[in-house]
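Undergrad: This is input35.txt, which holds compact mmCIF, C-alpha atoms:
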```txt
# COMPACT_ATOMS: atom_id res chain seq x y z
CA MET A 1 0.00 0.00 0.00
CA ALA A 2 1.42 3.37 -1.00
CA THR A 3 2.18 5.81 1.75
CA THR A 4 1.57 9.53 1.56
CA PRO A 5 4.84 11.45 2.00
CA ARG A 6 4.84 12.97 5.44
CA THR A 7 7.21 14.21 8.09
CA THR A 8 7.85 11.86 10.98
CA THR A 9 10.28 11.87 13.84
CA SER A 10 13.58 10.94 12.30
CA PRO A 11 15.85 8.55 14.10
CA LEU A 12 18.36 11.34 13.90
CA GLU A 13 16.38 13.40 16.41
CA SER A 14 16.85 10.81 19.13
CA ASP A 15 19.84 8.92 17.72
CA SER A 16 22.15 11.71 16.58
CA PRO A 17 25.32 11.74 18.70
CA ALA A 18 27.57 14.67 19.40
CA HIS A 19 30.36 12.59 17.89
CA GLY A 20 33.15 15.18 17.82
CA HIS A 21 34.62 13.66 14.63
CA GLU A 22 35.48 15.38 11.36
CA PRO A 23 32.12 16.17 9.68
CA GLY A 24 31.58 13.94 6.66
CA SER A 25 34.15 11.38 7.80
CA ALA A 26 33.64 7.62 8.09
CA ARG A 27 34.06 7.80 11.89
CA ALA A 28 31.32 10.41 12.09
CA ALA A 29 28.88 8.19 10.16
CA LEU A 30 29.67 5.17 12.36
CA ALA A 31 28.75 7.22 15.46
CA TYR A 32 25.06 6.82 14.52
CA PRO A 33 23.73 3.56 16.06
CA SER A 34 21.07 2.99 13.37
CA PHE A 35 23.54 3.47 10.55
CA ARG A 36 26.13 1.31 12.29
CA ARG A 37 23.60 -1.51 12.76
CA MET A 38 22.42 -1.47 9.14
CA TRP A 39 25.95 -1.14 7.79
CA THR A 40 27.20 -4.13 9.81
CA ALA A 41 24.26 -6.32 8.79
CA SER A 42 24.68 -5.40 5.13
CA PHE A 43 28.41 -6.15 5.33
CA ALA A 44 27.67 -9.66 6.56
CA SER A 45 25.05 -10.19 3.86
CA ASN A 46 27.31 -8.89 1.10
CA ILE A 47 30.07 -11.29 2.13
CA GLY A 48 27.67 -14.13 1.31
CA SER A 49 26.69 -12.49 -1.98
CA TRP A 50 30.30 -12.20 -3.10
CA MET A 51 30.99 -15.78 -2.14
CA GLN A 52 28.25 -16.70 -4.62
CA ASN A 53 29.36 -14.12 -7.21
CA VAL A 54 32.89 -15.54 -7.24
CA VAL A 55 31.92 -19.20 -7.36
CA LEU A 56 29.11 -19.15 -9.95
CA PRO A 57 31.16 -17.84 -12.93
CA VAL A 58 33.91 -20.38 -12.17
CA TYR A 59 31.30 -23.16 -12.08
CA ILE A 60 29.94 -22.08 -15.48
CA LEU A 61 33.45 -21.74 -16.95
CA ASP A 62 34.53 -25.17 -15.64
CA ARG A 63 31.37 -26.79 -16.95
CA THR A 64 31.26 -25.17 -20.40
CA GLY A 65 34.65 -23.57 -21.11
CA SER A 66 32.75 -20.67 -22.73
CA THR A 67 33.48 -17.02 -21.93
CA THR A 68 30.23 -16.07 -23.67
CA LEU A 69 28.21 -18.20 -21.24
CA VAL A 70 30.10 -16.66 -18.31
CA GLY A 71 29.05 -13.26 -19.66
CA LEU A 72 25.49 -14.52 -19.95
CA VAL A 73 25.31 -15.62 -16.31
CA ALA A 74 26.79 -12.25 -15.28
CA PHE A 75 24.02 -10.57 -17.26
CA ALA A 76 21.42 -12.79 -15.59
CA GLN A 77 22.59 -11.60 -12.17
CA LEU A 78 23.11 -7.90 -12.91
CA GLY A 79 21.10 -7.30 -16.09
CA PRO A 80 17.80 -6.77 -14.22
CA LEU A 81 19.28 -3.48 -12.96
CA LEU A 82 18.84 -2.18 -16.52
CA PHE A 83 15.07 -2.48 -16.67
CA LEU A 84 13.90 -2.87 -13.06
CA SER A 85 15.82 0.00 -11.47
CA ILE A 86 13.43 2.75 -12.61
CA PRO A 87 10.25 1.16 -11.18
CA ALA A 88 12.27 0.20 -8.11
CA GLY A 89 13.31 3.84 -7.69
CA VAL A 90 9.67 4.96 -7.85
CA ILE A 91 8.79 2.39 -5.20
CA ALA A 92 11.67 3.61 -3.03
CA ASP A 93 10.27 7.16 -3.07
CA ARG A 94 6.59 6.29 -2.64
CA PHE A 95 6.33 3.15 -0.49
CA ASP A 96 7.45 2.06 2.97
CA ARG A 97 11.16 1.46 2.34
CA ARG A 98 11.64 -0.68 5.42
CA ARG A 99 8.96 -3.24 4.49
CA TRP A 100 10.03 -3.25 0.85
CA LEU A 101 13.66 -3.91 1.75
CA MET A 102 12.72 -6.82 4.01
CA ALA A 103 10.60 -8.34 1.24
CA MET A 104 13.43 -8.08 -1.29
CA GLN A 105 15.90 -9.70 1.12
CA LEU A 106 13.56 -12.70 1.38
CA VAL A 107 13.18 -12.88 -2.41
CA GLN A 108 16.95 -13.03 -2.85
CA LEU A 109 17.21 -15.59 -0.04
CA ALA A 110 14.72 -17.91 -1.77
CA PHE A 111 16.38 -17.80 -5.19
CA SER A 112 19.90 -18.16 -3.76
CA ALA A 113 18.82 -21.24 -1.83
CA LEU A 114 17.28 -22.68 -5.00
CA LEU A 115 20.63 -22.43 -6.80
CA ALA A 116 22.12 -25.01 -4.44
CA PRO A 117 20.19 -28.12 -5.57
CA LEU A 118 20.41 -27.06 -9.23
CA VAL A 119 24.20 -26.84 -9.14
CA ALA A 120 24.53 -29.99 -7.00
CA HIS A 121 22.74 -32.02 -9.69
CA ASN A 122 24.21 -30.19 -12.72
CA ALA A 123 20.77 -29.02 -13.79
CA PRO A 124 20.27 -27.63 -17.31
CA LEU A 125 22.03 -24.32 -17.77
CA TRP A 126 18.81 -22.53 -18.64
CA ALA A 127 17.43 -23.38 -15.18
CA ILE A 128 20.57 -22.06 -13.45
CA PHE A 129 20.42 -18.86 -15.54
CA ALA A 130 16.73 -18.42 -14.72
CA VAL A 131 17.32 -18.70 -10.96
CA ALA A 132 20.37 -16.41 -11.16
CA PHE A 133 18.07 -13.95 -12.92
CA GLY A 134 15.67 -14.21 -9.96
CA VAL A 135 18.49 -13.28 -7.57
CA GLY A 136 19.38 -10.38 -9.85
CA ALA A 137 15.78 -9.17 -10.02
CA GLY A 138 15.58 -9.11 -6.22
CA ASN A 139 18.81 -7.15 -6.06
CA ALA A 140 17.62 -4.68 -8.72
CA LEU A 141 14.37 -4.04 -6.84
CA ASN A 142 16.29 -3.70 -3.56
CA SER A 143 19.21 -1.44 -4.52
CA PRO A 144 17.53 1.97 -5.10
CA ALA A 145 15.53 1.69 -1.86
CA TRP A 146 18.66 0.72 0.04
CA SER A 147 20.70 3.62 -1.33
CA ALA A 148 17.82 6.02 -0.65
CA MET A 149 17.39 4.74 2.93
CA LEU A 150 21.00 4.69 4.10
CA PRO A 151 21.66 8.48 3.88
CA THR A 152 18.57 9.17 6.02
CA LEU A 153 20.26 7.44 8.96
CA VAL A 154 22.90 10.19 9.30
CA SER A 155 22.71 13.97 9.26
CA PRO A 156 23.37 15.73 5.91
CA LYS A 157 26.78 16.97 7.04
CA ASP A 158 27.91 13.35 7.61
CA LEU A 159 26.52 11.99 4.33
CA PRO A 160 29.95 11.73 2.59
CA GLY A 161 31.16 9.41 5.34
CA SER A 162 28.15 7.13 4.93
CA VAL A 163 28.69 6.96 1.15
CA SER A 164 32.36 6.13 1.67
CA LEU A 165 31.56 3.41 4.19
CA ASN A 166 28.92 1.93 1.92
CA SER A 167 31.54 1.66 -0.84
CA ALA A 168 34.06 0.18 1.59
CA MET A 169 31.45 -2.34 2.75
CA ILE A 170 30.68 -3.48 -0.80
CA ASN A 171 34.35 -3.96 -1.59
CA GLY A 172 35.36 -5.27 1.81
CA SER A 173 32.91 -8.09 1.20
CA ARG A 174 34.66 -8.70 -2.14
CA VAL A 175 37.80 -9.40 -0.11
CA VAL A 176 36.32 -11.52 2.66
CA GLY A 177 33.98 -13.49 0.36
CA PRO A 178 36.66 -15.02 -1.89
CA ILE A 179 38.92 -15.75 1.10
CA LEU A 180 36.08 -17.61 2.82
CA VAL A 181 35.47 -19.52 -0.41
CA VAL A 182 39.12 -20.63 -0.42
CA LEU A 183 38.91 -21.71 3.23
CA LEU A 184 35.58 -23.51 2.83
CA ARG A 185 36.64 -25.28 -0.36
CA SER A 186 39.90 -26.38 1.31
CA VAL A 187 37.90 -28.23 4.01
CA GLY A 188 35.61 -29.87 1.47
CA ALA A 189 32.63 -27.52 1.18
CA SER A 190 30.74 -27.88 -2.09
CA ILE A 191 29.59 -25.08 -4.36
CA ALA A 192 25.99 -25.87 -3.41
CA GLU A 193 26.80 -25.45 0.30
CA ILE A 194 28.35 -22.05 -0.42
CA PHE A 195 25.07 -20.99 -2.05
CA ILE A 196 23.17 -22.10 1.06
CA ILE A 197 25.49 -20.03 3.27
CA ASN A 198 24.79 -17.00 1.10
CA ALA A 199 21.04 -17.54 1.40
CA VAL A 200 21.25 -17.51 5.22
CA THR A 201 23.20 -14.22 5.28
CA TYR A 202 20.19 -12.27 3.95
CA LEU A 203 18.60 -12.78 7.37
CA PHE A 204 21.16 -10.43 8.94
CA VAL A 205 19.63 -7.49 7.05
CA VAL A 206 16.06 -8.62 7.80
CA PHE A 207 16.75 -8.71 11.56
CA ALA A 208 18.54 -5.33 11.44
CA LEU A 209 15.61 -3.74 9.60
CA LEU A 210 13.20 -5.08 12.23
CA ARG A 211 15.17 -3.10 14.85
CA THR A 212 15.58 0.12 12.83
CA ARG A 213 13.14 2.98 12.26
CA VAL A 214 13.55 4.35 8.77
CA PRO A 215 12.47 8.02 8.57
CA THR A 216 10.24 9.49 5.90
CA ARG A 217 10.73 13.06 4.70
CA ALA A 218 8.24 15.60 3.49
CA ASN A 219 7.94 16.02 -0.27
CA THR A 220 6.97 19.56 -1.13
CA GLN A 221 6.75 18.81 -4.86
CA PRO A 222 3.46 17.60 -6.40
CA PRO A 223 3.76 13.88 -7.19
CA ALA A 224 4.09 12.85 -10.83
CA GLN A 225 1.42 10.62 -12.29
CA GLY A 226 1.27 7.90 -14.92
CA TRP A 227 4.17 7.58 -17.32
CA ARG A 228 5.84 10.70 -15.91
CA LEU A 229 6.18 8.82 -12.63
CA LEU A 230 8.59 6.42 -14.36
CA THR A 231 10.45 9.14 -16.26
CA SER A 232 10.70 11.64 -13.41
CA GLY A 233 14.23 10.50 -12.55
CA LEU A 234 15.30 11.25 -16.12
CA ASP A 235 13.64 14.67 -15.83
CA ILE A 236 15.73 15.41 -12.72
CA ALA A 237 18.91 14.35 -14.55
CA ARG A 238 18.04 16.52 -17.56
CA ARG A 239 17.40 19.61 -15.41
CA ASN A 240 20.58 19.20 -13.37
CA LYS A 241 23.65 19.18 -15.64
CA VAL A 242 25.94 17.79 -12.95
CA ILE A 243 23.69 14.83 -12.21
CA GLY A 244 23.23 14.19 -15.92
CA ARG A 245 26.99 14.34 -16.60
CA LEU A 246 27.77 11.98 -13.72
CA LEU A 247 25.18 9.44 -14.88
CA LEU A 248 26.32 9.53 -18.52
CA THR A 249 29.95 9.23 -17.44
CA LEU A 250 29.18 6.21 -15.27
CA PHE A 251 27.12 4.59 -18.05
CA THR A 252 29.91 4.74 -20.63
CA PHE A 253 32.60 3.88 -18.04
CA SER A 254 30.71 0.75 -17.01
CA LEU A 255 30.01 -0.25 -20.61
CA VAL A 256 33.51 0.21 -22.07
CA SER A 257 35.98 0.12 -19.16
CA LEU A 258 34.50 -2.35 -16.66
CA PRO A 259 33.65 -5.55 -18.59
CA TYR A 260 36.83 -7.07 -17.17
CA ILE A 261 34.95 -7.52 -13.88
CA GLY A 262 32.55 -10.06 -15.39
CA PHE A 263 35.44 -11.76 -17.20
CA PHE A 264 37.76 -11.86 -14.18
CA ALA A 265 38.02 -15.65 -14.12
CA ALA A 266 38.64 -15.84 -17.86
CA VAL A 267 41.23 -13.02 -17.72
CA ALA A 268 43.08 -14.85 -14.94
CA ARG A 269 43.25 -18.03 -16.99
CA GLU A 270 44.22 -16.44 -20.29
CA ASN A 271 46.65 -13.75 -19.10
CA PHE A 272 48.16 -15.31 -15.97
CA ASN A 273 47.90 -19.06 -16.70
CA VAL A 274 45.72 -19.84 -13.69
CA GLU A 275 44.92 -23.55 -13.90
CA ARG A 276 41.52 -25.10 -13.30
CA GLY A 277 41.02 -25.93 -9.62
CA SER A 278 43.67 -23.43 -8.47
CA THR A 279 42.81 -20.90 -5.75
CA SER A 280 44.97 -18.22 -7.43
CA TYR A 281 41.88 -16.69 -9.05
CA GLU A 282 40.13 -16.23 -5.69
CA TRP A 283 43.26 -14.61 -4.22
CA LEU A 284 43.57 -12.30 -7.24
CA TYR A 285 39.92 -11.31 -6.91
CA ALA A 286 40.32 -10.73 -3.18
CA THR A 287 43.41 -8.56 -3.74
CA TRP A 288 41.55 -6.46 -6.30
CA GLY A 289 38.60 -6.23 -3.89
CA PHE A 290 40.92 -5.17 -1.06
CA GLY A 291 42.21 -2.33 -3.23
CA ALA A 292 38.64 -1.32 -4.07
CA CYS A 293 37.72 -1.39 -0.37
CA MET A 294 40.64 0.87 0.48
CA GLY A 295 39.74 3.20 -2.41
CA GLY A 296 36.17 3.62 -1.21
CA LEU A 297 37.23 4.03 2.42
CA ALA A 298 39.91 6.59 1.53
CA ILE A 299 37.26 9.02 0.28
CA GLY A 300 35.83 9.25 3.81
CA THR A 301 39.18 9.23 5.62
CA VAL A 302 42.41 10.26 3.89
CA PHE A 303 40.64 12.38 1.26
CA VAL A 304 37.76 13.60 3.41
CA ARG A 305 38.81 17.26 2.99
CA GLN A 306 39.64 16.98 -0.71
CA ASP A 307 37.35 18.33 -3.43
CA LYS A 308 35.56 15.23 -4.70
CA ARG A 309 35.04 16.84 -8.10
CA ARG A 310 38.81 16.97 -8.61
CA LEU A 311 39.25 13.44 -7.24
CA ILE A 312 36.93 12.16 -9.97
CA ARG A 313 39.21 13.43 -12.73
CA HIS A 314 42.40 12.24 -11.03
CA GLY A 315 40.75 8.89 -10.36
CA PHE A 316 40.01 8.25 -14.03
CA VAL A 317 43.66 8.92 -14.90
CA ALA A 318 44.81 6.52 -12.17
CA PHE A 319 42.32 3.91 -13.38
CA ALA A 320 43.62 4.18 -16.97
CA VAL A 321 47.22 3.71 -15.84
CA THR A 322 46.50 0.77 -13.51
CA LEU A 323 44.19 -1.02 -15.94
CA THR A 324 46.92 -0.81 -18.58
CA ALA A 325 49.43 -2.25 -16.10
CA PHE A 326 46.97 -5.04 -15.25
CA ALA A 327 46.45 -5.80 -18.94
CA LEU A 328 50.20 -5.98 -19.63
CA ALA A 329 51.05 -8.05 -16.52
CA ARG A 330 52.63 -11.42 -17.36
CA THR A 331 52.93 -13.09 -13.97
CA MET A 332 50.59 -13.60 -11.06
CA TRP A 333 52.69 -11.38 -8.80
CA GLN A 334 52.52 -8.54 -11.31
CA ALA A 335 48.76 -9.08 -11.59
CA LEU A 336 48.30 -9.01 -7.80
CA ILE A 337 50.15 -5.70 -7.46
CA ALA A 338 48.46 -4.06 -10.45
CA GLY A 339 45.08 -5.48 -9.41
CA ALA A 340 45.28 -3.92 -5.93
CA PHE A 341 46.01 -0.46 -7.35
CA LEU A 342 43.36 -0.96 -10.05
CA GLY A 343 40.74 -1.72 -7.41
CA PHE A 344 41.77 1.39 -5.43
CA ALA A 345 41.46 3.65 -8.48
CA TYR A 346 38.20 2.04 -9.61
CA PHE A 347 36.24 2.49 -6.40
CA GLY A 348 37.93 5.66 -5.26
CA THR A 349 36.67 7.23 -8.49
CA THR A 350 33.13 5.86 -8.36
CA THR A 351 32.80 6.68 -4.64
CA SER A 352 33.79 10.28 -5.35
CA MET A 353 31.14 10.37 -8.09
CA ALA A 354 28.50 8.89 -5.78
CA THR A 355 29.36 11.41 -3.05
CA VAL A 356 28.93 14.40 -5.37
CA LEU A 357 25.69 12.91 -6.70
CA GLN A 358 24.17 12.11 -3.29
CA THR A 359 24.96 15.51 -1.80
CA ARG A 360 23.01 17.24 -4.59
CA LEU A 361 19.79 15.24 -4.21
CA SER A 362 16.84 15.94 -1.95
CA HIS A 363 15.41 13.01 0.01
CA HIS A 364 12.17 12.80 -1.96
CA GLU A 365 13.99 12.39 -5.31
CA ARG A 366 16.93 10.26 -4.17
CA GLY A 367 15.31 6.88 -4.90
CA ARG A 368 14.48 7.73 -8.53
CA VAL A 369 17.92 9.16 -9.32
CA MET A 370 19.79 6.35 -7.54
CA ALA A 371 17.77 3.96 -9.69
CA LEU A 372 19.46 5.54 -12.73
CA TRP A 373 22.79 5.25 -10.93
CA PHE A 374 22.33 1.49 -10.52
CA MET A 375 21.22 1.16 -14.12
CA ALA A 376 24.38 2.94 -15.24
CA PHE A 377 26.66 1.09 -12.81
CA GLY A 378 25.54 -2.45 -12.11
CA GLY A 379 23.23 -2.91 -15.08
CA THR A 380 25.62 -1.73 -17.77
CA VAL A 381 28.59 -3.92 -16.77
CA PRO A 382 26.86 -7.20 -17.76
CA LEU A 383 25.63 -5.53 -20.95
CA GLY A 384 29.27 -4.84 -21.76
CA ASN A 385 30.05 -8.49 -20.96
CA LEU A 386 27.53 -9.62 -23.57
CA LEU A 387 28.73 -7.13 -26.19
CA PHE A 388 32.44 -7.79 -25.74
CA ALA A 389 32.42 -11.56 -25.04
CA PRO A 390 32.79 -12.47 -28.75
CA LEU A 391 35.72 -10.02 -29.05
CA PHE A 392 37.25 -11.50 -25.91
CA ASP A 393 37.18 -14.95 -27.50
CA THR A 394 38.58 -13.54 -30.78
CA VAL A 395 41.29 -11.01 -29.89
CA GLY A 396 41.93 -11.89 -26.25
CA ALA A 397 41.72 -9.95 -23.00
CA ARG A 398 44.69 -7.59 -23.24
CA TRP A 399 43.44 -5.43 -26.11
CA LEU A 400 39.98 -5.09 -24.59
CA LEU A 401 41.44 -3.98 -21.26
CA ILE A 402 43.70 -1.43 -22.97
CA ALA A 403 40.70 -0.04 -24.90
CA GLY A 404 38.87 0.37 -21.59
CA ALA A 405 41.86 2.22 -20.15
CA ALA A 406 41.91 4.61 -23.12
CA TRP A 407 38.22 5.39 -22.61
CA ALA A 408 38.76 6.16 -18.91
CA LEU A 409 41.47 8.62 -19.91
CA LEU A 410 38.98 10.45 -22.15
CA LEU A 411 36.44 10.54 -19.31
CA SER A 412 39.00 12.26 -17.08
CA ARG A 413 38.63 15.31 -19.31
CA TRP A 414 34.90 15.08 -20.01
CA CYS A 415 33.69 14.59 -16.43
CA ASN A 416 34.82 18.03 -15.28
CA ILE A 417 32.25 18.91 -12.60
CA GLU A 418 34.21 21.97 -11.47
CA HIS A 419 33.87 23.43 -14.96
CA LEU A 420 30.12 22.73 -15.02
CA ASP A 421 29.67 24.43 -11.64
CA ALA A 422 31.74 27.43 -12.72
CA SER A 423 29.73 27.78 -15.95
CA ALA A 424 26.45 27.58 -14.04
CA HIS A 425 27.58 30.30 -11.65
CA LYS A 426 28.64 32.59 -14.48
CA VAL A 427 25.38 32.16 -16.38
CA SER A 428 23.10 32.56 -13.38
CA ASP A 429 25.20 34.68 -11.03
CA LYS A 430 22.43 37.23 -10.59
CA ALA A 431 19.82 34.55 -9.96
CA LEU A 432 22.04 32.92 -7.35
CA GLU A 433 22.14 36.17 -5.42
CA THR A 434 18.37 36.62 -5.35
CA ASP A 435 17.08 33.05 -5.35
CA HIS A 436 17.75 29.92 -3.30
CA ALA A 437 19.74 28.07 -5.95
CA ALA A 438 22.42 25.81 -4.48
CA SER A 439 26.02 26.91 -4.01
CA PHE A 440 28.92 24.58 -3.39
CA ASP A 441 31.74 24.64 -0.87
CA GLU A 442 35.42 24.01 -1.46
CA HIS A 443 34.82 20.25 -1.44
CA GLY A 444 32.12 20.36 -4.12
CA TYR A 445 29.23 19.70 -1.69
CA SER A 446 25.90 21.47 -1.89
CA ALA A 447 25.48 24.18 0.70
CA GLY A 448 21.89 23.08 1.13
CA GLU A 449 20.56 19.67 2.07
```
Would you encode the structure as structure tokens?
TA:
Amino acid sequence: MATTPRTTTSPLESDSPAHGHEPGSARAALAYPSFRRMWTASFASNIGSWMQNVVLPVYILDRTGSTTLVGLVAFAQLGPLLFLSIPAGVIADRFDRRRWLMAMQLVQLAFSALLAPLVAHNAPLWAIFAVAFGVGAGNALNSPAWSAMLPTLVSPKDLPGSVSLNSAMINGSRVVGPILVVLLRSVGASIAEIFIINAVTYLFVVFALLRTRVPTRANTQPPAQGWRLLTSGLDIARRNKVIGRLLLTLFTFSLVSLPYIGFFAAVARENFNVERGSTSYEWLYATWGFGACMGGLAIGTVFVRQDKRRLIRHGFVAFAVTLTAFALARTMWQALIAGAFLGFAYFGTTTSMATVLQTRLSHHERGRVMALWFMAFGGTVPLGNLLFAPLFDTVGARWLLIAGAAWALLLSRWCNIEHLDASAHKVSDKALETDHAASFDEHGYSAGE
């Protein structure tokens, strides 16, 4: 049942600590008990998800030897973000987010558990793809509501820290998940049992949501109706040049520069001679994930006072350099070193982009715009996997990775948010003095909410 937007007592009013930490830092965000509870539960759940995400492509590759089919299963898991994110974003802004999130956790739990018997009995591939698609659909319907809910658990001044920690959580689970897979497989755990473990971890988030009050915020804008309800996020992106530029940048970055993520197992085998049954792939993935975790965390710690707009441009340059080094690596040790720095550049850049985006959104529009973010980020990567899989099989991994690095270098010039802000101020300088249009501080954050 839809809820009418209204103002309620926010958990911040009774839960907001006088933390004494640097505003916008990771430590400041963790001072909020509700945020800390949800963040910890999500971390545990994401560890299970990445255990499954690492194992399933290897299972498909071992069974079929086809990179194209690995790309197809990646699309089954992440592709739903392309066409379900927009309705999910509308739901996130109009329905009870807490109940919706609990329902989507249970959907993902059910489909993840169903994967176990299918893999244990080597079921037809179409059945495995269909169930993986079910997991992906639950994730697509969950993600915008989650990203819209999390910032409401901290005050606006501490939002950058929560975004940084969310990125660190996603990538920290990419480290812990593969390591746990190695440990569990070494003591005889089957792939099916790993899928069961993942299914159980969704309960951590369900129990945390049962203990957390998620605030609603007043929407002073008249609600869109009909088809405009689904396109309202696009309208927001068209009106705001910065939001539009960030979304278009992320879309092309994910499509051209990030397909290596879906092909990680195949890249490891082709470029670094990782043999079937070896745990080297899991360690390589964990090292890359560790770098990504540190990159996301650095935005809320080491770089907390840095202008995130400038970090975006520097991050794309660093990504281009490290992806080239990863592509040209010949040994596993070279790949481990390059992979760690690649992960750092990758998620340091995208976390800076997410921080700038989130700080320029009001609460009542955050769900719809973050839906576009997930379409551009998670949904486009598997689309790139499908498009580039035939080229991967034909010309190999190195040239595709180098092409992705070249594109990131171009984006470092095009995604110039400082220039967009300066142009907007020059064009509307008089209006800014007489109206309530947003201004931005030295870190690129909106002076308003």
Undergrad: Would you pick out the contacts of Met104 of chain A at 7 Å or less, using all atoms listed in the file, so that residues sharing its chain but fewer than 5 positions from it are not included, and give the list as a PyMOL selection string?
TA: chain A and resi 138+141-142
Undergrad: Leaving out segment 289-298 of chain A and any residue of its chain fewer than 4 positions from it, which residues lie within 10 Å of it when counting all atoms listed in the file, given as a CSV table (one decimal) with C-alpha atoms, keeping the file's coordinate frame?
TA:
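The result, written out as selection-v2.csv:
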```csv
chain,number,residue,atom,x,y,z
A,25,SER,CA,34.2,11.4,7.8
A,26,ALA,CA,33.6,7.6,8.1
A,161,GLY,CA,31.2,9.4,5.3
A,162,SER,CA,28.2,7.1,4.9
A,163,VAL,CA,28.7,7.0,1.2
A,164,SER,CA,32.4,6.1,1.7
A,165,LEU,CA,31.6,3.4,4.2
A,166,ASN,CA,28.9,1.9,1.9
A,167,SER,CA,31.5,1.7,-0.8
A,168,ALA,CA,34.1,0.2,1.6
A,169,MET,CA,31.4,-2.3,2.8
A,170,ILE,CA,30.7,-3.5,-0.8
A,171,ASN,CA,34.4,-4.0,-1.6
A,172,GLY,CA,35.4,-5.3,1.8
A,173,SER,CA,32.9,-8.1,1.2
A,174,ARG,CA,34.7,-8.7,-2.1
A,175,VAL,CA,37.8,-9.4,-0.1
A,176,VAL,CA,36.3,-11.5,2.7
A,177,GLY,CA,34.0,-13.5,0.4
A,178,PRO,CA,36.7,-15.0,-1.9
A,283,TRP,CA,43.3,-14.6,-4.2
A,284,LEU,CA,43.6,-12.3,-7.2
A,285,TYR,CA,39.9,-11.3,-6.9
A,302,VAL,CA,42.4,10.3,3.9
A,303,PHE,CA,40.6,12.4,1.3
A,304,VAL,CA,37.8,13.6,3.4
A,315,GLY,CA,40.8,8.9,-10.4
A,337,ILE,CA,50.2,-5.7,-7.5
A,338,ALA,CA,48.5,-4.1,-10.4
A,339,GLY,CA,45.1,-5.5,-9.4
A,340,ALA,CA,45.3,-3.9,-5.9
A,341,PHE,CA,46.0,-0.5,-7.4
A,342,LEU,CA,43.4,-1.0,-10.0
A,343,GLY,CA,40.7,-1.7,-7.4
A,344,PHE,CA,41.8,1.4,-5.4
A,345,ALA,CA,41.5,3.6,-8.5
A,346,TYR,CA,38.2,2.0,-9.6
A,347,PHE,CA,36.2,2.5,-6.4
A,348,GLY,CA,37.9,5.7,-5.3
A,349,THR,CA,36.7,7.2,-8.5
A,350,THR,CA,33.1,5.9,-8.4
A,351,THR,CA,32.8,6.7,-4.6
A,352,SER,CA,33.8,10.3,-5.4
```
Undergrad: Residues within 7 Å of Phe195 of chain A, please, as a list in words. Count all atoms listed in the file; anything in the same chain fewer than 3 positions from it doesn't count.
TA: Gln52, Ser112, Ala113, Leu115, Ala116, Ile191, Ala192, Asn198 and Ala199 of chain A
Undergrad: Store the residues picked out above in a file with C-alpha atoms, as an mmCIF file, in the frame of the given file.
TA:
```cif
data_model
loop_
_atom_site.group_PDB
_atom_site.id
_atom_site.type_symbol
_atom_site.label_atom_id
_atom_site.label_comp_id
_atom_site.auth_asym_id
_atom_site.auth_seq_id
_atom_site.Cartn_x
_atom_site.Cartn_y
_atom_site.Cartn_z
ATOM 1 C CA GLN A 52 28.250 -16.700 -4.620
ATOM 2 C CA SER A 112 19.900 -18.160 -3.760
ATOM 3 C CA ALA A 113 18.820 -21.240 -1.830
ATOM 4 C CA LEU A 115 20.630 -22.430 -6.800
ATOM 5 C CA ALA A 116 22.120 -25.010 -4.440
ATOM 6 C CA ILE A 191 29.590 -25.080 -4.360
ATOM 7 C CA ALA A 192 25.990 -25.870 -3.410
ATOM 8 C CA ASN A 198 24.790 -17.000 1.100
ATOM 9 C CA ALA A 199 21.040 -17.540 1.400
#
```
Undergrad: Could you check which of A:Leu411, A:Val73, A:Ala286, A:Ala371 is closest to Ser147 of chain A, using all atoms listed in the file?
TA: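 So, comparing all the options, the nearest one is A:Ala371.
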Undergrad: Counting only C-alpha atoms, which residues have an atom no more than 12 Å from (15.3, -14.2, -1.2) in the file's coordinates? Please list them as JSON, numbers by chain.
TA: {"A": [45, 49, 101, 102, 103, 104, 105, 106, 107, 108, 109, 110, 111, 112, 113, 114, 115, 131, 132, 134, 135, 136, 137, 138, 139, 141, 142, 195, 196, 198, 199, 200, 201, 202, 203, 205, 206]}
Undergrad: Show me, as a list in words, the residues that have an atom within 6 Å of segment 400-409 of chain A when counting only C-alpha atoms, minus same-chain residues fewer than 4 positions from it.
TA: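 Those residues are Val256, Ser257, Phe316, Val317, Ala320, Leu323, Thr324 and Ala327 of chain A.
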